[in-house]
Amino acid sequence: MLTLDRVSKRYPQGHTALQGVSLELASGSMHFLTGHSGAGKSTLLKLATAMERPSGGRVLVDGTDVSAIPRRRIPYLRRAIGTVFQDHKLLFDRTVYDNVALALQVCNFPRTKIAGRVQAVLGRVGLAHHQNKYPITLSGGEQQRVAIARALVNKPDLLLADEPTGNLDKQLADEIMDLFYEFHQFGMTVLVATHDLDQPQRLGLPQLRLERGCLTDAGAA
Amino acid sequence: MSPLRVPLRQHREILGEVTGRLLRQPGATLMTVVVLAAALALPAALLLVTDNLERLAGRFEAPGKLSVFLTAEASGPDGLEDRLRRLKGVTNVRFVAPDQALTEASRLLELGDALQGLSDNPLPGSFEVTLAPAQRAPARMAALADTIGAWSAVDQVQYDRRWVERFQAAVSFLRRTGAVTAVLLGAVVALIIGNTIRLAVLNRRREIEVIKMIGGTDAFVRLPFVYTGLIQGLAGALLAGVLVAVAVAVLDASAGELAARYGSHFALHGPGPAYLGGLLAVGGGLGWLGSRLAVGRHLRDIEPA
């Protein structure tokens, strides 16, 4: 589903974020991407959604090389990938419902079918009764669930999460990770970047460990 | 990506959203529209003024007399007088023989008998042709003078058309001034809208980032802004049209009164459907152009990170 082939990324300022990283995520698998801050976790995720371009090597999403994807095709790539960020990137002038519905609107999803989809996904993340609230009135954990609902509403094959529990306490973090695990069990390919080393062990899932831009063999749990 | 790649249904939804957004900020929207209307109304009014002046110039009556000077070789009045009388609109033809012309000239120039001493009369014979009032429009006079001037026995045709030509030159100068003003203020309109849209883009930077992150195309991001510019341009043009129409209605009464004092009848031509249609097209077009340029410049800079 996601393949990196000797990928490196140097920023114009000279900082090297990734160096010769190769990995392959099988369809339906779930991995944790671990490592310290600045180890290159975010960069790796951004390469998959073409938010960054690799300096060398190839990045393949579902068999398509996205390393040099034309600008106009990027939106269609991003629709096929669900992304969740630590700061969840919600729009605070719209309701929970509208935030999630936006992901369908940009794909030109028929308006009549949007309501059913949005309500179903909000139900799955446990926010069915919050749909008309504004994100600012929700707790941090609930806000992150809205972001997850938005990432999932388009039924992507690949879900990428960048420190999704960075701002949450242990119990809320566990709940969020359990949610990801649930989606993985439904067949979605999931990659979660986190510096929380307990989560791979708790869920018994393999981790990919980045150190200074290189993949190490921290191995599977 | 062309906006046509966005389906019609989505155009409708975006249009509804944009209209709602503009109406939720009535103060700011109204300010922009009023400024645009002022910038559009000035050249639009100038155009209407020059149109009416041109129409007026077409109705001015020249004195209605042509002087047709014959060549020295021309034998006499006989055949020519009949030809002149047969011309459409000619009411009277008077022949002025060379001797008679000499007498009149010495009278006019107060030369007494000085010219009597000339051995040879240098003046040609001429006809004084009077035209019916309906034939005195400048264009008709000019055509008639050309026709007669082409006859072999005719040396030249004169009539007093200088002041009519001056008036027409003044109107055409006014028209050119209007054209220059229109170009300048058109650029102003595009810049005002471009700037409004630029601020809107920066205000909604976060929203644009999110939309791009979840797979919105450039066209999807751009369309609301382009519609905003289009609507503001159209609204400005509409208000400009209303301003001009009101101004015409106010001036029409006094123009009629003025014409009546000269024993004439004149009504201003107000803005017609073609004029208003053109105004809307220009306003909408400039709105579209200004917003398109502004969004295009900033869209690439805003990327999710």
# chains A, B, ... in the order shown; residues from 1 in each chain; ligands from 1
$ closest_atom_pairs --of "chain A" --to "chain B" --cutoff "8 Å" --atoms "only C-alpha atoms" --output "JSON lines"
{"residue": "A:Met51", "atom": "CA", "partner": "B:Pro304", "partner_atom": "CA", "distance": 6.8}
{"residue": "A:Arg72", "atom": "CA", "partner": "B:Met1", "partner_atom": "CA", "distance": 7.3}
{"residue": "A:Ile74", "atom": "CA", "partner": "B:Gly215", "partner_atom": "CA", "distance": 7.4}
{"residue": "A:Pro75", "atom": "CA", "partner": "B:Gly215", "partner_atom": "CA", "distance": 4.0}
{"residue": "A:Tyr76", "atom": "CA", "partner": "B:Gly215", "partner_atom": "CA", "distance": 6.1}
{"residue": "A:Leu77", "atom": "CA", "partner": "B:Gly215", "partner_atom": "CA", "distance": 7.3}
{"residue": "A:Arg78", "atom": "CA", "partner": "B:Gly215", "partner_atom": "CA", "distance": 4.8}
{"residue": "A:Arg79", "atom": "CA", "partner": "B:Gly215", "partner_atom": "CA", "distance": 4.8}
{"residue": "A:Gly82", "atom": "CA", "partner": "B:Ile214", "partner_atom": "CA", "distance": 7.7}
{"residue": "A:Thr83", "atom": "CA", "partner": "B:Ile214", "partner_atom": "CA", "distance": 7.8}
{"residue": "A:Lys89", "atom": "CA", "partner": "B:Val210", "partner_atom": "CA", "distance": 6.7}
{"residue": "A:Leu90", "atom": "CA", "partner": "B:Val210", "partner_atom": "CA", "distance": 7.7}
{"residue": "A:Leu91", "atom": "CA", "partner": "B:Glu207", "partner_atom": "CA", "distance": 6.6}
{"residue": "A:Leu102", "atom": "CA", "partner": "B:Ile211", "partner_atom": "CA", "distance": 7.8}
{"residue": "A:Ala103", "atom": "CA", "partner": "B:Ile214", "partner_atom": "CA", "distance": 5.9}
{"residue": "A:Val106", "atom": "CA", "partner": "B:Gly216", "partner_atom": "CA", "distance": 4.8}
{"residue": "A:Cys107", "atom": "CA", "partner": "B:Gly216", "partner_atom": "CA", "distance": 6.9}
{"residue": "A:Asn108", "atom": "CA", "partner": "B:Gln10", "partner_atom": "CA", "distance": 7.0}
{"residue": "A:Ala151", "atom": "CA", "partner": "B:Ile214", "partner_atom": "CA", "distance": 7.7}
$ residues_around --residues "A:Gln86" --least-positions-apart "3" --cutoff "7 Å" --atoms "only C-alpha atoms" --output "CSV table (one decimal) with N, CA and C atoms, in the first residue's frame"
chain,number,residue,atom,x,y,z
A,162,ASP,N,-0.1,11.6,12.4
A,162,ASP,CA,1.1,12.2,12.9
A,162,ASP,C,0.9,12.7,14.3
A,163,GLU,N,1.5,12.0,15.3
A,163,GLU,CA,1.3,12.3,16.7
A,163,GLU,C,-0.1,12.6,17.1
A,164,PRO,N,-1.1,11.7,16.8
A,164,PRO,CA,-2.5,12.0,17.0
A,164,PRO,C,-2.8,12.2,18.5
A,165,THR,N,-2.0,11.6,19.4
A,165,THR,CA,-2.3,11.7,20.8
A,165,THR,C,-1.3,12.6,21.5
A,166,GLY,N,-0.6,13.4,20.8
A,166,GLY,CA,0.5,14.2,21.4
A,166,GLY,C,0.0,15.1,22.5
$ select_by_dssp --residues "stretch 63-186 of chain A" --states "strand (DSSP E or B)" --output "number ranges by chain"
A: 64-65, 81-85, 158-162
$ write_last_selection --atoms "C-alpha atoms" --output "PDB file, in the first residue's frame"
ATOM      1  CA  THR A  64       1.560   4.802  -8.033  1.00  0.00           C
ATOM      2  CA  ASP A  65       4.817   6.749  -7.902  1.00  0.00           C
ATOM      3  CA  ILE A  81      -5.340   8.949   2.003  1.00  0.00           C
ATOM      4  CA  GLY A  82      -6.802   9.880   5.374  1.00  0.00           C
ATOM      5  CA  THR A  83      -4.553  12.169   7.409  1.00  0.00           C
ATOM      6  CA  VAL A  84      -4.713  13.093  11.090  1.00  0.00           C
ATOM      7  CA  PHE A  85      -2.411  15.650  12.689  1.00  0.00           C
ATOM      8  CA  LEU A 158      -4.546   4.340   3.828  1.00  0.00           C
ATOM      9  CA  LEU A 159      -4.692   6.259   7.108  1.00  0.00           C
ATOM     10  CA  LEU A 160      -1.697   8.323   8.222  1.00  0.00           C
ATOM     11  CA  ALA A 161      -1.611   9.861  11.685  1.00  0.00           C
ATOM     12  CA  ASP A 162       1.105  12.227  12.893  1.00  0.00           C
TER      13      ASP A 162
END
$ select_by_dssp --residues "stretch 56-136 of chain A" --states "helix (DSSP H, G or I)" --output "NGL selection string"
:A and (71-79 or 96-105 or 111-124 or 128-130 or 135-136)
$ write_last_selection --atoms "N, CA and C atoms" --output "mmCIF file, in the first residue's frame"
data_model
loop_
_atom_site.group_PDB
_atom_site.id
_atom_site.type_symbol
_atom_site.label_atom_id
_atom_site.label_comp_id
_atom_site.auth_asym_id
_atom_site.auth_seq_id
_atom_site.Cartn_x
_atom_site.Cartn_y
_atom_site.Cartn_z
ATOM 1 N N ARG A 71 1.347 18.598 -10.037
ATOM 2 C CA ARG A 71 0.598 19.387 -9.061
ATOM 3 C C ARG A 71 -0.909 19.175 -9.153
ATOM 4 N N ARG A 72 -1.414 19.106 -10.379
ATOM 5 C CA ARG A 72 -2.868 19.020 -10.535
ATOM 6 C C ARG A 72 -3.432 17.673 -10.099
ATOM 7 N N ARG A 73 -2.539 16.654 -9.952
ATOM 8 C CA ARG A 73 -3.059 15.345 -9.551
ATOM 9 C C ARG A 73 -3.011 15.138 -8.044
ATOM 10 N N ILE A 74 -2.323 16.053 -7.349
ATOM 11 C CA ILE A 74 -2.157 15.908 -5.902
ATOM 12 C C ILE A 74 -3.490 15.783 -5.157
ATOM 13 N N PRO A 75 -4.508 16.622 -5.486
ATOM 14 C CA PRO A 75 -5.767 16.489 -4.741
ATOM 15 C C PRO A 75 -6.337 15.067 -4.772
ATOM 16 N N TYR A 76 -6.218 14.407 -5.922
ATOM 17 C CA TYR A 76 -6.808 13.066 -6.047
ATOM 18 C C TYR A 76 -6.020 12.051 -5.214
ATOM 19 N N LEU A 77 -4.704 12.274 -5.099
ATOM 20 C CA LEU A 77 -3.896 11.429 -4.219
ATOM 21 C C LEU A 77 -4.353 11.594 -2.765
ATOM 22 N N ARG A 78 -4.542 12.860 -2.367
ATOM 23 C CA ARG A 78 -4.876 13.123 -0.963
ATOM 24 C C ARG A 78 -6.258 12.601 -0.593
ATOM 25 N N ARG A 79 -7.169 12.529 -1.581
ATOM 26 C CA ARG A 79 -8.503 12.003 -1.286
ATOM 27 C C ARG A 79 -8.441 10.522 -0.932
ATOM 28 N N VAL A 96 -19.100 20.631 13.865
ATOM 29 C CA VAL A 96 -18.482 19.313 13.734
ATOM 30 C C VAL A 96 -18.949 18.661 12.436
ATOM 31 N N TYR A 97 -20.272 18.711 12.217
ATOM 32 C CA TYR A 97 -20.832 18.119 11.006
ATOM 33 C C TYR A 97 -20.198 18.725 9.756
ATOM 34 N N ASP A 98 -20.137 20.072 9.713
ATOM 35 C CA ASP A 98 -19.611 20.743 8.514
ATOM 36 C C ASP A 98 -18.133 20.457 8.304
ATOM 37 N N ASN A 99 -17.374 20.330 9.390
ATOM 38 C CA ASN A 99 -15.960 19.995 9.268
ATOM 39 C C ASN A 99 -15.780 18.645 8.576
ATOM 40 N N VAL A 100 -16.595 17.679 8.986
ATOM 41 C CA VAL A 100 -16.467 16.343 8.410
ATOM 42 C C VAL A 100 -17.021 16.322 6.986
ATOM 43 N N ALA A 101 -18.138 17.027 6.790
ATOM 44 C CA ALA A 101 -18.787 17.031 5.473
ATOM 45 C C ALA A 101 -17.883 17.664 4.417
ATOM 46 N N LEU A 102 -17.030 18.618 4.845
ATOM 47 C CA LEU A 102 -16.141 19.303 3.901
ATOM 48 C C LEU A 102 -15.294 18.314 3.096
ATOM 49 N N ALA A 103 -14.866 17.236 3.763
ATOM 50 C CA ALA A 103 -14.022 16.251 3.089
ATOM 51 C C ALA A 103 -14.779 15.553 1.957
ATOM 52 N N LEU A 104 -16.113 15.487 2.085
ATOM 53 C CA LEU A 104 -16.901 14.902 0.999
ATOM 54 C C LEU A 104 -17.219 15.953 -0.059
ATOM 55 N N GLN A 105 -17.426 17.188 0.401
ATOM 56 C CA GLN A 105 -17.759 18.263 -0.552
ATOM 57 C C GLN A 105 -16.626 18.501 -1.545
ATOM 58 N N ARG A 111 -24.741 15.892 -2.412
ATOM 59 C CA ARG A 111 -25.124 16.476 -1.128
ATOM 60 C C ARG A 111 -26.116 15.591 -0.372
ATOM 61 N N THR A 112 -27.014 14.950 -1.114
ATOM 62 C CA THR A 112 -28.047 14.157 -0.452
ATOM 63 C C THR A 112 -27.446 12.952 0.270
ATOM 64 N N LYS A 113 -26.287 12.504 -0.211
ATOM 65 C CA LYS A 113 -25.689 11.319 0.414
ATOM 66 C C LYS A 113 -24.686 11.701 1.495
ATOM 67 N N ILE A 114 -24.364 12.998 1.591
ATOM 68 C CA ILE A 114 -23.352 13.428 2.552
ATOM 69 C C ILE A 114 -23.831 13.188 3.987
ATOM 70 N N ALA A 115 -25.085 13.560 4.263
ATOM 71 C CA ALA A 115 -25.590 13.504 5.636
ATOM 72 C C ALA A 115 -25.450 12.096 6.223
ATOM 73 N N GLY A 116 -25.863 11.094 5.456
ATOM 74 C CA GLY A 116 -25.807 9.717 5.949
ATOM 75 C C GLY A 116 -24.381 9.297 6.270
ATOM 76 N N ARG A 117 -23.469 9.584 5.365
ATOM 77 C CA ARG A 117 -22.064 9.237 5.544
ATOM 78 C C ARG A 117 -21.476 9.898 6.804
ATOM 79 N N VAL A 118 -21.729 11.208 6.905
ATOM 80 C CA VAL A 118 -21.141 11.973 8.011
ATOM 81 C C VAL A 118 -21.672 11.457 9.343
ATOM 82 N N GLN A 119 -22.993 11.224 9.414
ATOM 83 C CA GLN A 119 -23.568 10.752 10.666
ATOM 84 C C GLN A 119 -23.035 9.371 11.031
ATOM 85 N N ALA A 120 -22.854 8.526 10.015
ATOM 86 C CA ALA A 120 -22.343 7.180 10.281
ATOM 87 C C ALA A 120 -20.935 7.235 10.855
ATOM 88 N N VAL A 121 -20.070 8.075 10.254
ATOM 89 C CA VAL A 121 -18.685 8.105 10.710
ATOM 90 C C VAL A 121 -18.580 8.785 12.076
ATOM 91 N N LEU A 122 -19.428 9.800 12.323
ATOM 92 C CA LEU A 122 -19.422 10.424 13.644
ATOM 93 C C LEU A 122 -19.888 9.427 14.703
ATOM 94 N N GLY A 123 -20.820 8.554 14.322
ATOM 95 C CA GLY A 123 -21.245 7.501 15.227
ATOM 96 C C GLY A 123 -20.099 6.564 15.562
ATOM 97 N N ARG A 124 -19.308 6.246 14.567
ATOM 98 C CA ARG A 124 -18.215 5.295 14.794
ATOM 99 C C ARG A 124 -17.135 5.851 15.707
ATOM 100 N N ALA A 128 -21.789 11.031 17.759
ATOM 101 C CA ALA A 128 -23.061 11.184 17.038
ATOM 102 C C ALA A 128 -23.882 12.351 17.581
ATOM 103 N N HIS A 129 -23.843 12.560 18.885
ATOM 104 C CA HIS A 129 -24.697 13.595 19.490
ATOM 105 C C HIS A 129 -24.012 14.969 19.544
ATOM 106 N N HIS A 130 -22.821 15.064 18.964
ATOM 107 C CA HIS A 130 -22.111 16.348 19.002
ATOM 108 C C HIS A 130 -22.084 17.047 17.649
ATOM 109 N N PRO A 135 -16.297 22.959 17.199
ATOM 110 C CA PRO A 135 -15.152 22.223 17.745
ATOM 111 C C PRO A 135 -14.587 22.843 19.028
ATOM 112 N N ILE A 136 -14.681 24.163 19.138
ATOM 113 C CA ILE A 136 -14.081 24.837 20.286
ATOM 114 C C ILE A 136 -14.746 24.403 21.592
#
$ residues_around --residues "A:Gly28" --least-positions-apart "4" --cutoff "9 Å" --atoms "only C-alpha atoms" --output "ChimeraX atom specification"
/A:1,157-158,184-190
$ write_last_selection --atoms "N, CA and C atoms" --output "CSV table (one decimal), in the first residue's frame"
chain,number,residue,atom,x,y,z
A,1,MET,N,0.8,-1.2,0.0
A,1,MET,CA,0.0,0.0,0.0
A,1,MET,C,0.9,1.3,0.0
A,157,ASP,N,-8.1,4.1,1.8
A,157,ASP,CA,-7.4,2.8,2.0
A,157,ASP,C,-6.3,2.9,2.9
A,158,LEU,N,-5.7,4.1,3.0
A,158,LEU,CA,-4.5,4.3,3.8
A,158,LEU,C,-4.8,5.5,4.8
A,184,HIS,N,-8.0,-0.7,11.5
A,184,HIS,CA,-7.1,-1.7,11.0
A,184,HIS,C,-7.7,-3.0,10.9
A,185,GLN,N,-8.5,-3.4,11.9
A,185,GLN,CA,-9.1,-4.7,11.9
A,185,GLN,C,-10.2,-4.8,10.8
A,186,PHE,N,-10.7,-3.6,10.4
A,186,PHE,CA,-11.7,-3.6,9.3
A,186,PHE,C,-11.0,-3.6,7.9
A,187,GLY,N,-9.7,-3.6,7.9
A,187,GLY,CA,-9.0,-3.8,6.7
A,187,GLY,C,-8.2,-2.6,6.2
A,188,MET,N,-8.2,-1.5,6.9
A,188,MET,CA,-7.5,-0.3,6.5
A,188,MET,C,-6.0,-0.4,6.8
A,189,THR,N,-5.2,0.1,5.9
A,189,THR,CA,-3.8,0.2,6.2
A,189,THR,C,-3.5,1.4,7.0
A,190,VAL,N,-2.9,1.3,8.2
A,190,VAL,CA,-2.7,2.4,9.1
A,190,VAL,C,-1.2,2.6,9.5
$ closest_residue --among "B:Leu293, B:Leu299, B:Ala41, B:Leu131" --to "B:Val93" --atoms "only C-alpha atoms"
B:Leu131
$ residues_around --residues "A:Thr216" --least-positions-apart "4" --cutoff "12 Å" --atoms "only C-alpha atoms" --output "NGL selection string"
:A and (19-23 or 33-35 or 39 or 207-212 or 220)
$ write_last_selection --atoms "N, CA and C atoms" --output "CSV table (one decimal), in the first residue's frame"
chain,number,residue,atom,x,y,z
A,19,GLN,N,17.3,9.6,5.2
A,19,GLN,CA,18.4,9.2,4.4
A,19,GLN,C,18.2,7.7,4.0
A,20,GLY,N,18.1,7.5,2.8
A,20,GLY,CA,18.0,6.1,2.3
A,20,GLY,C,17.0,5.2,3.0
A,21,VAL,N,15.8,5.7,3.2
A,21,VAL,CA,14.8,4.9,3.9
A,21,VAL,C,14.0,4.1,2.9
A,22,SER,N,14.0,2.8,3.2
A,22,SER,CA,13.1,1.8,2.4
A,22,SER,C,12.2,1.1,3.3
A,23,LEU,N,11.0,1.0,2.9
A,23,LEU,CA,10.0,0.3,3.7
A,23,LEU,C,8.8,-0.1,2.9
A,33,LEU,N,5.2,4.3,13.7
A,33,LEU,CA,6.5,4.9,13.3
A,33,LEU,C,7.0,5.7,14.5
A,34,THR,N,8.1,5.2,15.1
A,34,THR,CA,8.5,5.8,16.3
A,34,THR,C,9.9,6.5,16.1
A,35,GLY,N,10.3,7.2,17.1
A,35,GLY,CA,11.5,7.9,17.1
A,35,GLY,C,11.4,9.3,17.8
A,39,ALA,N,13.3,13.2,14.2
A,39,ALA,CA,13.9,12.0,13.6
A,39,ALA,C,13.5,11.8,12.2
A,207,GLN,N,6.7,-1.8,15.1
A,207,GLN,CA,7.1,-0.4,14.9
A,207,GLN,C,8.3,-0.3,14.0
A,208,LEU,N,8.2,0.8,13.3
A,208,LEU,CA,9.3,1.2,12.4
A,208,LEU,C,10.0,2.4,13.1
A,209,ARG,N,11.3,2.2,13.4
A,209,ARG,CA,12.0,3.2,14.3
A,209,ARG,C,12.9,4.0,13.4
A,210,LEU,N,12.7,5.3,13.5
A,210,LEU,CA,13.6,6.3,12.8
A,210,LEU,C,14.5,6.9,13.8
A,211,GLU,N,15.8,7.0,13.4
A,211,GLU,CA,16.8,7.7,14.1
A,211,GLU,C,17.6,8.5,13.2
A,212,ARG,N,17.6,9.8,13.5
A,212,ARG,CA,18.3,10.7,12.6
A,212,ARG,C,18.1,10.5,11.1
A,220,ALA,N,9.9,-5.8,15.4
A,220,ALA,CA,8.5,-6.0,15.7
A,220,ALA,C,8.3,-6.3,17.1
$ closest_residue --among "A:Leu168, A:Val153, A:Leu44, A:Met30" --to "A:Asp87" --atoms "only C-alpha atoms"
A:Leu168
$ residues_around --residues "B:Arg222" --least-positions-apart "5" --cutoff "8 Å" --atoms "only C-alpha atoms" --output "number ranges by chain"
B: 292, 295-296, 299
$ write_last_selection --atoms "C-alpha atoms" --output "compact mmCIF listing (two decimals), in the first residue's frame"
# COMPACT_ATOMS: atom_id res chain seq x y z
CA ARG B 292 -8.91 35.54 -10.61
CA VAL B 295 -6.37 34.27 -6.07
CA GLY B 296 -3.99 32.88 -8.68
CA LEU B 299 -3.09 30.08 -4.12
$ residues_around --residues "A:Ser67" --least-positions-apart "3" --cutoff "7 Å" --atoms "only C-alpha atoms" --output "list of chain:residue names"
A:Arg53, A:Pro54, A:Arg58, A:Val59
$ write_last_selection --atoms "C-alpha atoms" --output "PDB file, in the first residue's frame"
ATOM      1  CA  ARG A  53       8.838  15.909  -2.383  1.00  0.00           C
ATOM      2  CA  PRO A  54      11.718  13.476  -1.872  1.00  0.00           C
ATOM      3  CA  ARG A  58      10.762   6.806  -4.911  1.00  0.00           C
ATOM      4  CA  VAL A  59       7.549   6.899  -2.892  1.00  0.00           C
TER       5      VAL A  59
END
$ residues_around --residues "stretch 234-243 of chain B" --least-positions-apart "5" --cutoff "7 Å" --atoms "only C-alpha atoms" --output "list in words"
Val33, Val34, Leu36, Ala37, Ala38, Leu40, Ala41, Leu276, Leu279, Leu280, Gly283 and Gly284 of chain B
$ write_last_selection --atoms "N, CA and C atoms" --output "PDB file, in the first residue's frame"
ATOM      1  N   VAL B  33     -19.101  47.675  -2.803  1.00  0.00           N
ATOM      2  CA  VAL B  33     -20.004  47.852  -3.941  1.00  0.00           C
ATOM      3  C   VAL B  33     -20.165  49.333  -4.279  1.00  0.00           C
ATOM      4  N   VAL B  34     -20.262  50.188  -3.243  1.00  0.00           N
ATOM      5  CA  VAL B  34     -20.443  51.628  -3.491  1.00  0.00           C
ATOM      6  C   VAL B  34     -19.211  52.208  -4.182  1.00  0.00           C
ATOM      7  N   LEU B  36     -17.059  50.602  -6.032  1.00  0.00           N
ATOM      8  CA  LEU B  36     -17.051  50.089  -7.400  1.00  0.00           C
ATOM      9  C   LEU B  36     -18.057  50.839  -8.266  1.00  0.00           C
ATOM     10  N   ALA B  37     -19.240  51.094  -7.685  1.00  0.00           N
ATOM     11  CA  ALA B  37     -20.293  51.783  -8.442  1.00  0.00           C
ATOM     12  C   ALA B  37     -19.820  53.177  -8.834  1.00  0.00           C
ATOM     13  N   ALA B  38     -19.145  53.880  -7.895  1.00  0.00           N
ATOM     14  CA  ALA B  38     -18.664  55.229  -8.191  1.00  0.00           C
ATOM     15  C   ALA B  38     -17.649  55.177  -9.332  1.00  0.00           C
ATOM     16  N   LEU B  40     -17.380  52.955 -11.652  1.00  0.00           N
ATOM     17  CA  LEU B  40     -18.007  52.560 -12.920  1.00  0.00           C
ATOM     18  C   LEU B  40     -18.946  53.645 -13.443  1.00  0.00           C
ATOM     19  N   ALA B  41     -19.592  54.385 -12.517  1.00  0.00           N
ATOM     20  CA  ALA B  41     -20.618  55.345 -12.932  1.00  0.00           C
ATOM     21  C   ALA B  41     -20.014  56.509 -13.703  1.00  0.00           C
ATOM     22  N   LEU B 276     -27.137  49.056 -20.297  1.00  0.00           N
ATOM     23  CA  LEU B 276     -27.091  48.424 -18.973  1.00  0.00           C
ATOM     24  C   LEU B 276     -26.445  47.041 -19.055  1.00  0.00           C
ATOM     25  N   LEU B 279     -22.794  47.516 -19.272  1.00  0.00           N
ATOM     26  CA  LEU B 279     -22.271  47.938 -17.970  1.00  0.00           C
ATOM     27  C   LEU B 279     -22.102  46.737 -17.043  1.00  0.00           C
ATOM     28  N   LEU B 280     -23.134  45.868 -17.013  1.00  0.00           N
ATOM     29  CA  LEU B 280     -23.069  44.668 -16.175  1.00  0.00           C
ATOM     30  C   LEU B 280     -21.951  43.742 -16.645  1.00  0.00           C
ATOM     31  N   GLY B 283     -18.648  45.300 -15.536  1.00  0.00           N
ATOM     32  CA  GLY B 283     -18.481  45.180 -14.079  1.00  0.00           C
ATOM     33  C   GLY B 283     -18.188  43.747 -13.675  1.00  0.00           C
ATOM     34  N   GLY B 284     -19.004  42.818 -14.183  1.00  0.00           N
ATOM     35  CA  GLY B 284     -18.801  41.403 -13.859  1.00  0.00           C
ATOM     36  C   GLY B 284     -17.457  40.905 -14.364  1.00  0.00           C
TER      37      GLY B 284
END
$ closest_residue --among "B:Gly278, B:Pro43, B:Gly285, B:Pro26" --to "B:Arg175" --atoms "only C-alpha atoms"
B:Pro43
$ closest_residue --among "A:His195, A:Lys133, A:His36, A:Lys41" --to "A:Leu18" --atoms "only C-alpha atoms"
A:Lys41
$ atom_distance --atom1 "atom CA of B:Asn121" --atom2 "atom CA of B:Asn92"
26.3 Å
